[in-house]
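Single-structure report; data block below.
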Amino acid sequence: MRTESIQPPPEAKNSETVTLHINGEARTLSVKPWVTLLDALRENLDLTGTKKGCDHGQCGACTVICDGKRILSCLSLAVMKDGAEITTIEGVAPTGDLHPLQKAFIEHDAFQCGYCTPGQICSAIGMFKEGKAHTEAEVKELMSGNLCRCGANTNIINAIMEVKNGGNYE
Amino acid sequence: MSIKPLIGQPISRLEGHLKVTGAAKYAGEYNVSDLLYGYVVNSTITKGKIISMNTDEVKKIPGIVEIFTHENRPSLAWFDMQYSDMDAPPGSPFRPLHKPDIKYNGQPIALIVAETFELARYAASILKAEYQTEAFKTDLEANLGEGRKPQPGLATMLKPPPPKDKGDIDLALSAAAFTSKGTFTHGTEHHNPLELFATTTVYEGKGKVTIYDKTQGTVNCQLYVGNVFGLHFKDVRVISPYVGGGFGSGLRPQYQLFLSVMVALELKRNVRVTLDRSQMFTFGHRPPTIQKTKFGSDINGKITALYHEATAETSLYEDYTETVVNWAPMIYPSPNSKMEYNLVPLDVFTPIDMRAPGGSTGLHAIESTIDDLAHQAKIDPIQFRLLNYAERDESVNRPFSSKELKQCFIQGAEKFGWDKRNPEPRSMRNGNKLVGYGMATGAWESMILPARAEAILTTEGKLIVKSAVTDIGTGTLTVMSQIAADELGLPLDQVTFEYGDSKMPFAPIQGGSFTVSTVGSAIKAAGKALRKKLLKIAQHIPHSAFKGLEIEDVVFQDGYIRLKLDPSKEIAFTALIHANKGKVIRTKNFNVPNLLKLKKHSRAAHSAAFVEVEVDEELGVINVTRAVTAVAAGKIINPKTARSQILGGMVWSISKALREETISDHNFGKYMNQNLGEYHIPVHADIHDLDVIFVEENDEIVNELGSKGIGEIGLVGMPPAIANAIFHATGKRINEFPIHFDKLL
């Protein structure tokens, strides 16, 4: 048994002030350096639409759009994103309406439990912006970082392809 | 006005909007005020005793509120029965933080409670225990000789023991023209729903708690918490409308529930305990199982002998069982049969039902052995199954309540293009890929349990229906709303289904494909009672046109009761409310299935699964390129959500046959791949063309809806169809799941 007294690490001590531009709104918060962007969203800002499925960057449930790119919010610390523009599932649609992908997900029954859904939708929006996916096979490949345990895979890909082919995903 | 029934319509999920906008709240997302965070510490040894822990030191860190271990756990219920639950197998249920004894690797040994999540997690990482270790056993294969019969108990009601022996199996096998035998090895699997197990407990004061829990049974958890903590049931409310996947893992109250409630009561604070992904491997799994089959047929391919034996893992403290070996004599009539099922208790957590428990294990062995027998007899696999088709269930000598499996074969084969199959293995190619077609039968017993439901006609003439049942993604909210709407002839937007709350009328755990049957029947009973009550009120109105009429003489349509023979004679639901002095009209009903009547028939959903695989000849890489599953499951309430259920089962089939397994290092008695990077499930790029057919099937026995349940049937037939397709592609029969490329090289 170790005898030296245990001290909290330095990252537990001082809070830092960061401003995140989330869904078009500047949110200033005081966070400790060891708080991930995911936990800051869920616990500090009550934006629980962004999901935690593994906390290790392995499942994609925490995908958000940061400065136009899809990122895994569990692998980013909140303090690293000071000043960033972040879009979460709560902000992907224009006010009062649904994003075309959200509509397509409902229509294609592209989810069952719904837990991976926000990550799938944010990831697809990010993928569209990357402009690398042209065929269904490429979409499947580039969406493979987002796991779905219910097995809604074919419905998810069909929903994404419909929106992609309709060209109304901006 | 139209009265097109809603049952049978492909309605989009009613909670869809909430799920695609992130507004649906799951158990770990209720950010109540003054919330404490709990983080679990797990044992790093497999068996032994905790000698000491550095809790005093860790507790000194500012922000740590308390550390709970076996040493300061409050004194709670004494008896095993109080820790039991609706899904508890015979034995002595696991009690978190009960004693210093370690029963399995990863057992929770402490809970850190802190002001922030990060601090709790940090403290959990530095809390160390010293142990006295003992020898342990976790390897099923190495301990097969210790197999013994399971203890009987309440759980065996839904999981019957193997049927009685018939004829002389040894003689029949030695006399058979063709025999096939195999050893089938299945490893451990973990459910891994994408949502982490979490419980947020709100301390309401005076021994009262409101609990947001990830569970498949709100009432199950309410009773458990009441019994264990000695609380009045009315003071325990468990809420769980949105569940981020269950697949069986939420059928029993899990340890985060216990820990969260314990902290709330002890500290009189609100608290959340969320497990991390590695901890999702520490509370139940599909047990590893080793099966042996020996089937025989005569020269014409008629089956004469069925021998099926399975040995499965359980824990040292509970006898978890599955229905693995009962299926062959139900699907294939044979004059000689012998089935055996044994357990080997090992130093692991008790296994728990995982999607299609038993069936997805047993049917792999049965359907691959049948495939081999058909191959030897040089008979097409579908023809072989038709030749041995069971028109009645010979295993228990009862007729089937309905069975449209033949139609599954016919329609599935046509959709798939089975006629293009060259029967010779290794005969079909696509470039450098070997192509294989395989098929198999699936079956899943249709069960029904008692449940209660409440139906209320509101003052606006709308319908509210209530049940404590959860919706684990199966579409329960949507299908129950459809069933309820049809009961009163209302459009869907006039109906609200309230659910996922133990305050609502009793529902059993959600699993086994019995929710539509169980809760749907209760809603039908409540709806029927409400119709009668409404008619009675209509009859008491002065000069009522409905006096002396029976319920059969009227129809309920669009918010009115109308005379069947003269629809111009009508009374609005709102007028009935008025007649009821402006008060709502409610009925509460308990639906108890008539077991004596049900037991006269065997009741099961059936399926035929067809699979095309491509196997890279040099590298052995296996790809399921196409699959069709044809299902006969009685009435399909909602073809859209039902199709998704079957698609989900098909993806799980690919996962089971080709991807997922929990790998143990038996030197440590520990699972080695406790994360989603190393526990492989299929990704989008692994899933190709999947098709579902629902075959028409009328069933007037199973329940009033004629609906058999579809949660498991998609995962029963397809895994063996994949194995059979791999045999057809390569000529190699691999009986160990998952089948990886190295087994083909």
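For the structure tokens, the naming scheme is as follows: chains receive sequential letters (A, B, ...) according to their order of presentation, residues are indexed from 1 within each chain, and ligands are indexed from 1 in presentation order.
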
Q | DSSP-assigned alpha helix (DSSP H) members of chain A, reported as a count of residues only | A | 46

Q. Can you tell me, as a ChimeraX atom specification, what residues are no more than 7 Å from region 454-464 of chain B when counting only C-alpha atoms, ignoring any on the same chain fewer than 6 positions away?
A. /B:494-497,505,526-527,530,559,573-574,577,582-589

Find the residues in chain A near chain B: any atom within 6 Å counts, using only C-alpha atoms. Write them as a tab-separated table (two decimals) with N, CA and C atoms, in the first residue's frame.
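Written output follows (part-v6.tsv):
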```tsv
chain	number	residue	atom	x	y	z
A	49	GLY	N	-28.29	16.08	-26.60
A	49	GLY	CA	-28.50	15.42	-27.90
A	49	GLY	C	-27.23	14.75	-28.40
A	53	GLY	N	-21.19	7.11	-26.15
A	53	GLY	CA	-21.34	5.66	-26.29
A	53	GLY	C	-20.10	4.90	-25.89
A	54	CYS	N	-18.94	5.57	-25.94
A	54	CYS	CA	-17.72	4.84	-25.59
A	54	CYS	C	-16.70	5.74	-24.91
A	58	GLN	N	-14.50	5.47	-30.53
A	58	GLN	CA	-14.68	4.20	-31.24
A	58	GLN	C	-16.08	4.01	-31.81
A	89	ILE	N	-26.59	18.38	-32.80
A	89	ILE	CA	-27.85	17.92	-33.39
A	89	ILE	C	-28.97	18.93	-33.11
A	90	GLU	N	-28.89	19.61	-31.97
A	90	GLU	CA	-29.94	20.58	-31.62
A	90	GLU	C	-29.93	21.77	-32.58
A	102	GLN	N	-32.81	14.80	-41.23
A	102	GLN	CA	-33.67	14.41	-40.10
A	102	GLN	C	-34.99	13.86	-40.61
A	106	ILE	N	-36.46	9.85	-40.37
A	106	ILE	CA	-37.79	9.43	-39.88
A	106	ILE	C	-38.49	8.60	-40.95
A	112	GLN	N	-33.62	2.78	-34.46
A	112	GLN	CA	-34.57	2.12	-33.58
A	112	GLN	C	-34.49	2.79	-32.21
A	113	CYS	N	-33.41	2.50	-31.46
A	113	CYS	CA	-33.32	3.09	-30.12
A	113	CYS	C	-33.04	4.58	-30.19
A	114	GLY	N	-32.42	5.06	-31.27
A	114	GLY	CA	-32.20	6.48	-31.46
A	114	GLY	C	-30.92	7.01	-30.83
A	115	TYR	N	-30.15	6.14	-30.20
A	115	TYR	CA	-28.99	6.65	-29.47
A	115	TYR	C	-27.82	7.03	-30.39
A	140	LYS	N	-20.92	4.49	-47.55
A	140	LYS	CA	-20.85	3.45	-46.51
A	140	LYS	C	-19.49	3.47	-45.82
A	141	GLU	N	-18.44	3.56	-46.65
A	141	GLU	CA	-17.08	3.57	-46.11
A	141	GLU	C	-16.88	4.78	-45.20
A	144	SER	N	-18.56	4.73	-41.81
A	144	SER	CA	-18.31	3.54	-40.99
A	144	SER	C	-17.73	3.85	-39.61
A	147	LEU	N	-21.16	3.71	-35.43
A	147	LEU	CA	-21.75	2.39	-35.21
A	147	LEU	C	-23.24	2.51	-34.93
A	150	CYS	N	-28.44	-1.32	-33.23
A	150	CYS	CA	-29.77	-1.86	-33.56
A	150	CYS	C	-29.78	-2.50	-34.94
A	151	GLY	N	-28.80	-2.21	-35.75
A	151	GLY	CA	-28.76	-2.80	-37.10
A	151	GLY	C	-29.61	-2.05	-38.09
A	153	ASN	N	-28.50	-0.16	-40.28
A	153	ASN	CA	-27.50	0.28	-41.27
A	153	ASN	C	-28.09	0.57	-42.64
```

Q.
Which residues are close to Tyr104 (chain B), i.e. within 8 Å by only C-alpha atoms, leaving aside same-chain residues fewer than 3 positions away? Reply as a VMD selection string.
A. chain B and resid 43 45 to 47 107 347 to 349 669

For the selection you just gave me, I'd like the residues written to a file as an mmCIF file, in the first residue's frame, keeping C-alpha atoms.
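Okay, result.cif is ready:
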```
data_model
loop_
_atom_site.group_PDB
_atom_site.id
_atom_site.type_symbol
_atom_site.label_atom_id
_atom_site.label_comp_id
_atom_site.auth_asym_id
_atom_site.auth_seq_id
_atom_site.Cartn_x
_atom_site.Cartn_y
_atom_site.Cartn_z
ATOM 1 C CA SER B 43 -11.933 -5.733 -9.155
ATOM 2 C CA ILE B 45 -8.709 -10.159 -9.801
ATOM 3 C CA THR B 46 -11.119 -12.974 -10.583
ATOM 4 C CA LYS B 47 -11.491 -14.703 -7.239
ATOM 5 C CA GLN B 107 -16.859 -7.072 -9.936
ATOM 6 C CA ASP B 347 -16.128 -17.880 -11.871
ATOM 7 C CA VAL B 348 -18.009 -15.396 -14.042
ATOM 8 C CA PHE B 349 -20.979 -13.072 -13.669
ATOM 9 C CA GLY B 669 -10.026 -15.032 -15.947
#
```

Leaving out Ala365 (chain B) and any residue of its chain fewer than 3 positions from it, which residues lie within 7 Å of it when counting only C-alpha atoms, given as a short mmCIF file (atom, residue, chain, number, x, y, z; two decimals) with C-alpha atoms, in the first residue's frame?
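Printed below is selection.cif as written:
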```cif
data_model
loop_
_atom_site.label_atom_id
_atom_site.label_comp_id
_atom_site.auth_asym_id
_atom_site.auth_seq_id
_atom_site.Cartn_x
_atom_site.Cartn_y
_atom_site.Cartn_z
CA PHE B 184 -20.40 -26.30 -32.53
CA THR B 293 -25.20 -32.96 -32.92
CA GLY B 362 -29.18 -24.03 -31.00
CA SER B 368 -25.89 -26.65 -40.27
CA THR B 369 -26.23 -30.36 -39.46
#
```

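Ranking B:Arg426, B:Lys670, B:Lys338, B:Lys528 by their shortest atom-to-atom distance to Asn42 (chain B), with only C-alpha atoms included, puts B:Lys670 first.
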
Which residues come within 9 Å of Cys122 (chain A), counting only C-alpha atoms, excluding same-chain residues fewer than 4 positions away, as a compact mmCIF listing (two decimals) with C-alpha atoms, in the first residue's frame?
```txt
# COMPACT_ATOMS: atom_id res chain seq x y z
CA THR A 63 -20.00 13.43 -33.50
CA VAL A 64 -20.52 17.21 -33.77
CA ILE A 65 -19.59 19.70 -36.46
CA ARG A 70 -17.16 16.54 -38.22
CA THR A 87 -23.07 22.69 -34.45
CA THR A 88 -24.76 19.93 -32.49
CA ILE A 89 -27.85 17.92 -33.39
CA VAL A 92 -28.52 21.32 -37.51
CA THR A 117 -28.89 8.90 -34.48
CA PRO A 118 -27.57 12.40 -33.62
CA GLY A 126 -19.91 16.65 -42.21
CA MET A 127 -19.34 13.99 -44.87
```

Q: Step one, run DSSP on the backbone; step two, keep only residues of region 9-110 of chain A assigned to strand (DSSP E or B); then write them as an MDAnalysis selection string.
A: chainID A and resid 16:22 25:31 36 63:66 69:72 77 85:87

Q | Spatial neighbours of Glu309 (chain B), 12 Å, only C-alpha atoms, chain gap at least 6 places, as a ChimeraX atom specification | A | /B:147,149,162,181-184,289-295,323-328,337-343,361-362,365-366

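With CA of Gly520 (chain B) on one side and CA of Ala630 (chain B) on the other, the separation reads 23.6 Å.
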
Can you pull out the residues contacting region 388-394 of chain B? Cut-off 6 Å, using only C-alpha atoms, and skip same-chain residues under 4 positions away; I want them as a short mmCIF file (atom, residue, chain, number, x, y, z; two decimals) with N, CA and C atoms, in the first residue's frame.
```cif
data_model
loop_
_atom_site.label_atom_id
_atom_site.label_comp_id
_atom_site.auth_asym_id
_atom_site.auth_seq_id
_atom_site.Cartn_x
_atom_site.Cartn_y
_atom_site.Cartn_z
N MET B 330 -39.01 -30.19 -32.72
CA MET B 330 -40.17 -29.38 -33.03
C MET B 330 -40.22 -29.08 -34.53
N ILE B 331 -39.04 -28.89 -35.12
CA ILE B 331 -38.99 -28.50 -36.54
C ILE B 331 -39.00 -29.74 -37.46
N TYR B 332 -38.35 -30.83 -36.98
CA TYR B 332 -38.21 -32.03 -37.82
C TYR B 332 -38.75 -33.25 -37.08
N PRO B 333 -39.83 -33.85 -37.59
CA PRO B 333 -40.35 -35.05 -36.93
C PRO B 333 -39.32 -36.19 -37.08
N ARG B 398 -48.50 -31.82 -30.30
CA ARG B 398 -49.57 -30.81 -30.33
C ARG B 398 -49.60 -30.20 -31.74
N PRO B 399 -50.75 -29.71 -32.17
CA PRO B 399 -50.76 -28.97 -33.44
C PRO B 399 -50.13 -27.60 -33.25
N PHE B 400 -49.67 -26.99 -34.34
CA PHE B 400 -49.22 -25.61 -34.29
C PHE B 400 -50.44 -24.69 -34.35
#
```
